[in-house]
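Printed here is input-v2.txt (compact mmCIF, C-alpha atoms):
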# COMPACT_ATOMS: atom_id res chain seq x y z
CA MET D 1 0.00 0.00 0.00
CA ALA D 2 1.46 3.34 -1.04
CA LYS D 3 2.23 5.80 1.75
CA ILE D 4 0.05 8.90 1.68
CA VAL D 5 2.12 12.07 1.43
CA LEU D 6 0.41 15.13 2.85
CA GLU D 7 0.84 18.45 1.11
CA PRO D 8 2.90 20.95 3.13
CA PHE D 9 0.74 23.58 4.78
CA VAL D 10 1.17 27.13 3.53
CA TYR D 11 0.49 29.70 6.23
CA PRO D 12 -1.78 32.51 5.00
CA VAL D 13 0.15 34.91 7.26
CA ASP D 14 3.70 34.91 8.63
CA PRO D 15 3.74 33.36 12.16
CA ALA D 16 6.86 35.40 12.88
CA VAL D 17 4.84 38.58 12.42
CA PHE D 18 1.28 37.61 13.36
CA LYS D 19 0.04 35.62 16.35
CA VAL D 20 -1.10 32.24 15.01
CA CYS D 21 -2.65 29.66 17.32
CA GLY D 22 -3.34 26.00 16.63
CA VAL D 23 -6.28 24.13 18.15
CA ASP D 24 -7.10 20.44 18.46
CA GLU D 25 -9.14 18.17 20.70
CA ALA D 26 -8.89 14.71 22.24
CA GLY D 27 -11.66 12.41 23.33
CA ARG D 28 -14.40 12.50 20.72
CA GLY D 29 -14.61 8.72 20.37
CA PRO D 30 -14.63 7.47 23.98
CA LEU D 31 -17.84 6.53 25.77
CA MET D 32 -17.00 8.59 28.83
CA GLY D 33 -15.05 11.50 30.21
CA ASN D 34 -14.57 15.07 29.06
CA VAL D 35 -13.70 16.11 25.54
CA VAL D 36 -10.51 18.14 25.97
CA ALA D 37 -9.15 20.81 23.63
CA ALA D 38 -5.90 22.74 23.65
CA CYS D 39 -4.81 25.96 21.97
CA VAL D 40 -1.14 26.79 21.42
CA VAL D 41 0.89 29.73 20.09
CA LEU D 42 4.44 28.62 19.36
CA ASP D 43 7.52 30.82 19.57
CA PRO D 44 9.18 31.02 16.12
CA ASN D 45 12.46 31.75 17.87
CA ASN D 46 12.28 28.72 20.14
CA PRO D 47 11.26 25.70 18.01
CA ILE D 48 10.39 22.30 19.44
CA GLU D 49 11.72 19.19 17.75
CA GLY D 50 9.52 16.15 17.27
CA LEU D 51 6.08 17.74 17.09
CA ASN D 52 3.58 15.54 15.29
CA ASP D 53 0.02 14.28 15.41
CA SER D 54 -0.33 12.93 18.96
CA LYS D 55 -1.74 9.66 17.58
CA GLN D 56 1.55 9.09 15.76
CA LEU D 57 3.60 9.48 18.93
CA SER D 58 4.10 7.02 21.77
CA GLU D 59 2.72 7.92 25.18
CA LYS D 60 6.28 8.29 26.46
CA LYS D 61 7.09 10.78 23.69
CA ARG D 62 3.90 12.76 24.29
CA ASP D 63 4.65 12.94 28.00
CA ALA D 64 8.15 14.21 27.23
CA LEU D 65 6.92 16.85 24.78
CA GLU D 66 4.13 18.23 26.98
CA PRO D 67 6.37 20.17 29.42
CA LEU D 68 8.54 21.39 26.53
CA ILE D 69 5.48 22.80 24.77
CA LYS D 70 4.24 24.48 27.93
CA ASP D 71 7.67 25.92 28.64
CA ARG D 72 8.55 27.15 25.14
CA ALA D 73 5.17 28.22 23.75
CA LEU D 74 4.29 31.89 23.80
CA ALA D 75 0.92 30.84 25.23
CA TYR D 76 -1.33 27.82 25.65
CA GLY D 77 -4.79 27.10 27.02
CA ILE D 78 -6.88 24.05 27.87
CA GLY D 79 -10.66 23.89 27.47
CA GLN D 80 -13.12 21.05 27.96
CA CYS D 81 -16.73 19.99 27.97
CA THR D 82 -18.24 17.51 30.41
CA PRO D 83 -20.16 14.35 29.49
CA GLN D 84 -23.37 16.18 30.44
CA GLU D 85 -22.52 19.02 28.04
CA ILE D 86 -21.68 16.49 25.33
CA ASP D 87 -25.09 14.86 25.80
CA THR D 88 -26.77 18.26 25.52
CA LEU D 89 -24.77 19.82 22.69
CA ASN D 90 -23.68 16.65 20.79
CA ILE D 91 -20.01 15.75 20.47
CA LEU D 92 -19.24 17.98 17.48
CA ASN D 93 -20.61 21.12 19.09
CA ALA D 94 -19.07 20.19 22.44
CA SER D 95 -15.67 19.77 20.76
CA LEU D 96 -15.97 23.19 19.13
CA GLU D 97 -17.05 24.73 22.45
CA ALA D 98 -14.04 23.13 24.17
CA MET D 99 -11.83 24.72 21.49
CA ARG D 100 -13.42 28.12 22.17
CA ARG D 101 -12.75 27.70 25.89
CA ALA D 102 -9.14 26.67 25.22
CA TYR D 103 -8.57 29.87 23.24
CA GLU D 104 -10.24 32.01 25.88
CA ASN D 105 -8.25 30.33 28.66
CA MET D 106 -5.04 31.11 26.78
CA ALA D 107 -5.63 34.81 27.47
CA LEU D 108 -3.69 35.97 24.42
CA LYS D 109 -5.35 37.70 21.49
CA CYS D 110 -4.39 36.06 18.20
CA ASP D 111 -4.70 37.06 14.55
CA LEU D 112 -5.45 33.60 13.18
CA MET D 113 -6.71 30.30 14.56
CA LEU D 114 -5.85 27.10 12.70
CA VAL D 115 -8.17 24.22 13.60
CA ASP D 116 -7.63 20.53 12.94
CA GLY D 117 -10.34 18.99 10.77
CA ASN D 118 -13.01 20.60 8.61
CA LYS D 119 -15.05 22.58 11.16
CA VAL D 120 -14.17 25.70 13.16
CA PRO D 121 -15.73 27.37 16.22
CA ARG D 122 -17.98 30.24 15.15
CA ASN D 123 -17.90 33.88 16.16
CA MET D 124 -14.40 33.74 17.60
CA GLY D 125 -13.64 37.36 16.81
CA ILE D 126 -10.52 36.34 14.86
CA ASP D 127 -9.88 34.70 11.51
CA THR D 128 -10.27 30.93 11.65
CA GLN D 129 -9.21 28.28 9.17
CA ALA D 130 -9.87 24.55 9.18
CA VAL D 131 -6.92 22.38 8.18
CA VAL D 132 -7.60 18.76 7.22
CA LYS D 133 -4.94 16.52 8.80
CA GLY D 134 -3.68 19.67 10.49
CA ASP D 135 -2.22 17.77 13.42
CA ALA D 136 0.32 16.26 11.01
CA ARG D 137 0.88 19.40 8.90
CA VAL D 138 0.85 22.37 11.25
CA ALA D 139 3.23 22.60 14.21
CA GLU D 140 0.82 24.68 16.31
CA ILE D 141 -1.97 22.13 15.85
CA ALA D 142 0.40 19.22 16.53
CA ALA D 143 1.43 20.88 19.80
CA ALA D 144 -2.22 21.39 20.71
CA SER D 145 -3.04 17.77 19.92
CA ILE D 146 -0.29 16.62 22.30
CA LEU D 147 -1.44 18.85 25.16
CA ALA D 148 -5.06 17.79 24.72
CA LYS D 149 -4.23 14.09 24.56
CA VAL D 150 -1.90 14.15 27.58
CA GLU D 151 -4.44 16.10 29.65
CA ARG D 152 -7.27 13.73 28.79
CA ASP D 153 -5.12 10.67 29.52
CA ARG D 154 -4.19 12.26 32.86
CA GLN D 155 -7.89 12.48 33.69
CA MET D 156 -8.32 8.81 32.76
CA TYR D 157 -5.54 7.81 35.15
CA GLU D 158 -7.20 9.81 37.93
CA LEU D 159 -10.51 8.08 37.28
CA ASP D 160 -8.70 4.74 37.22
CA LYS D 161 -7.40 5.38 40.75
CA LYS D 162 -10.93 6.17 41.91
CA TYR D 163 -12.64 3.31 40.05
CA PRO D 164 -9.97 0.66 39.36
CA GLU D 165 -12.52 -2.00 38.43
CA TYR D 166 -13.40 -0.07 35.24
CA LEU D 167 -9.82 -0.24 33.88
CA PHE D 168 -9.93 3.35 32.58
CA ALA D 169 -6.12 3.49 32.45
CA LYS D 170 -6.15 0.59 30.00
CA HIS D 171 -8.90 1.47 27.51
CA LYS D 172 -9.05 5.27 28.10
CA GLY D 173 -12.83 5.14 27.75
CA TYR D 174 -12.88 3.82 24.19
CA PRO D 175 -15.47 1.13 23.33
CA THR D 176 -13.03 -1.78 23.35
CA LYS D 177 -14.22 -5.35 23.79
CA THR D 178 -12.94 -5.37 27.38
CA HIS D 179 -14.65 -2.09 28.22
CA LEU D 180 -18.00 -3.16 26.79
CA GLU D 181 -17.82 -6.48 28.65
CA LEU D 182 -17.12 -4.65 31.92
CA LEU D 183 -20.20 -2.49 31.42
CA GLN D 184 -22.37 -5.61 31.28
CA ARG D 185 -21.77 -6.11 35.01
CA LEU D 186 -20.72 -2.70 36.38
CA PRO D 187 -23.03 0.27 37.00
CA LEU D 188 -22.82 3.31 34.73
CA LEU D 189 -21.00 6.19 36.38
CA ASP D 190 -21.83 9.87 35.96
CA CYS D 191 -18.78 10.24 33.70
CA TYR D 192 -20.46 8.21 30.93
CA ARG D 193 -21.97 9.90 27.87
CA LYS D 194 -25.60 8.83 27.87
CA SER D 195 -26.18 9.95 24.27
CA TYR D 196 -23.59 7.50 22.88
CA GLY D 197 -25.02 4.38 21.24
CA PRO D 198 -23.58 1.63 23.48
CA ILE D 199 -24.45 3.58 26.65
CA LYS D 200 -27.93 4.46 25.40
CA LYS D 201 -28.47 0.78 24.64
CA LEU D 202 -27.43 -0.23 28.17
CA LEU D 203 -29.72 2.37 29.72
CA MET D 204 -32.66 1.16 27.65
CA ALA D 205 -31.94 -2.46 28.61
CA ASN D 206 -31.78 -1.51 32.29
CA ASN D 207 -35.06 0.35 32.04
CA ASP D 208 -36.67 -2.66 30.41
CA LEU D 209 -35.44 -4.88 33.27
CA ASN D 210 -36.75 -2.41 35.85
CA ASP D 211 -40.13 -2.32 34.13
CA PHE D 212 -40.36 -6.11 33.98
CA SER D 213 -42.47 -7.77 36.67
CA LEU D 214 -43.98 -11.20 37.21
CA ASP D 215 -47.73 -11.51 37.59

Spell out the structure here as structure tokens.
Amino acid sequence: MAKIVLEPFVYPVDPAVFKVCGVDEAGRGPLMGNVVAACVVLDPNNPIEGLNDSKQLSEKKRDALEPLIKDRALAYGIGQCTPQEIDTLNILNASLEAMRRAYENMALKCDLMLVDGNKVPRNMGIDTQAVVKGDARVAEIAAASILAKVERDRQMYELDKKYPEYLFAKHKGYPTKTHLELLQRLPLLDCYRKSYGPIKKLLMANNDLNDFSLD
């Protein structure tokens, strides 16, 4: 199978002159937990080696890059939406809202926001541009993807300490075979996204059992 070569990204403005931030999120696919976004403005005079899509990096590499990004970036912010907000807004809108919060928490006015994917938060007050495969093509987005992923994983490890029987540290909330089997015998916690198919199905099954009675 031929390797896909991504086209180099051409910045519409010079990052050495204008403030350009990159935004990405982590946690759209899992059945539980927050969706976490990060926003990063890199320092053109203090580059960071090894930035890439967080999914292409090992956990050890991500953990090593996170403090470097936080130390060398001109600014960064983290934003998130809870499972309850995800159920209310839907995951796409919750992801975009988390991105908005990440930018606002950065507390630095930018000229341009580059967003991974094909959707951007609306009414940001600055120019926004979606970049398909941006986490592999744009350093600012790659840095944001690493911060978001490490922060979400950190939350999974904290939940794992609190609820070790759910094995959150192992599956990170994704609908793996092990995770789904565990949910057949463990109660649903508040951190689960009730609007997601497998969770909705479990809730409906539980309601049916509760409604069932023998004459």

Write out, as JSON lines, each residue of segment 89-154 of chain D that has an atom at most 9 Å from segment 58-82 of chain D, together with the closest pair of atoms and their distance in Å to one decimal, counting only C-alpha atoms, rows going by chain and rising number.
{"residue": "D:Ala94", "atom": "CA", "partner": "D:Cys81", "partner_atom": "CA", "distance": 6.0}
{"residue": "D:Ser95", "atom": "CA", "partner": "D:Cys81", "partner_atom": "CA", "distance": 7.3}
{"residue": "D:Glu97", "atom": "CA", "partner": "D:Cys81", "partner_atom": "CA", "distance": 7.3}
{"residue": "D:Ala98", "atom": "CA", "partner": "D:Gln80", "partner_atom": "CA", "distance": 4.4}
{"residue": "D:Met99", "atom": "CA", "partner": "D:Gly79", "partner_atom": "CA", "distance": 6.1}
{"residue": "D:Arg100", "atom": "CA", "partner": "D:Gly79", "partner_atom": "CA", "distance": 7.3}
{"residue": "D:Arg101", "atom": "CA", "partner": "D:Gly79", "partner_atom": "CA", "distance": 4.6}
{"residue": "D:Ala102", "atom": "CA", "partner": "D:Gly79", "partner_atom": "CA", "distance": 3.9}
{"residue": "D:Tyr103", "atom": "CA", "partner": "D:Gly77", "partner_atom": "CA", "distance": 6.0}
{"residue": "D:Glu104", "atom": "CA", "partner": "D:Gly77", "partner_atom": "CA", "distance": 7.4}
{"residue": "D:Asn105", "atom": "CA", "partner": "D:Gly77", "partner_atom": "CA", "distance": 5.0}
{"residue": "D:Met106", "atom": "CA", "partner": "D:Gly77", "partner_atom": "CA", "distance": 4.0}
{"residue": "D:Ala107", "atom": "CA", "partner": "D:Gly77", "partner_atom": "CA", "distance": 7.8}
{"residue": "D:Leu108", "atom": "CA", "partner": "D:Ala75", "partner_atom": "CA", "distance": 6.9}
{"residue": "D:Ala143", "atom": "CA", "partner": "D:Ile69", "partner_atom": "CA", "distance": 6.7}
{"residue": "D:Ala144", "atom": "CA", "partner": "D:Tyr76", "partner_atom": "CA", "distance": 8.2}
{"residue": "D:Ile146", "atom": "CA", "partner": "D:Arg62", "partner_atom": "CA", "distance": 6.0}
{"residue": "D:Leu147", "atom": "CA", "partner": "D:Glu66", "partner_atom": "CA", "distance": 5.9}
{"residue": "D:Ala148", "atom": "CA", "partner": "D:Ile78", "partner_atom": "CA", "distance": 7.2}
{"residue": "D:Lys149", "atom": "CA", "partner": "D:Arg62", "partner_atom": "CA", "distance": 8.2}
{"residue": "D:Val150", "atom": "CA", "partner": "D:Asp63", "partner_atom": "CA", "distance": 6.7}
{"residue": "D:Glu151", "atom": "CA", "partner": "D:Ile78", "partner_atom": "CA", "distance": 8.5}

| query | Could you state the separation of atom CA of Pro198 of chain D and atom CA of Arg28 of chain D in Å, given to one decimal place? | reply |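 That distance, rounded to one decimal, is 14.5 Å.
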
| request: For Gly117 of chain D, work out the shell of residues within 6 Å, counting only C-alpha atoms and skipping chain neighbours fewer than 3 positions away, then give it as an NGL selection string. | output: :D and (130-132)

| field | Among listed residues D:Lys170, D:Met204, D:Val23, D:Gln84, nearest Ala38 of chain D (using all atoms listed in the file) | value |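 Closest residue, counting all atoms listed in the file: D:Val23.
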
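Residue nearest Asp24 of chain D, chosen from D:Arg185, D:Lys172, D:Arg154, D:Lys119 and counting all atoms listed in the file: D:Lys119.
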
| Shell around Arg193 of chain D at 6 Å using all atoms listed in the file, local window under 6 positions removed, as a list of chain:residue names |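 The residues satisfying every condition are D:Leu31, D:Met32, D:Pro83.
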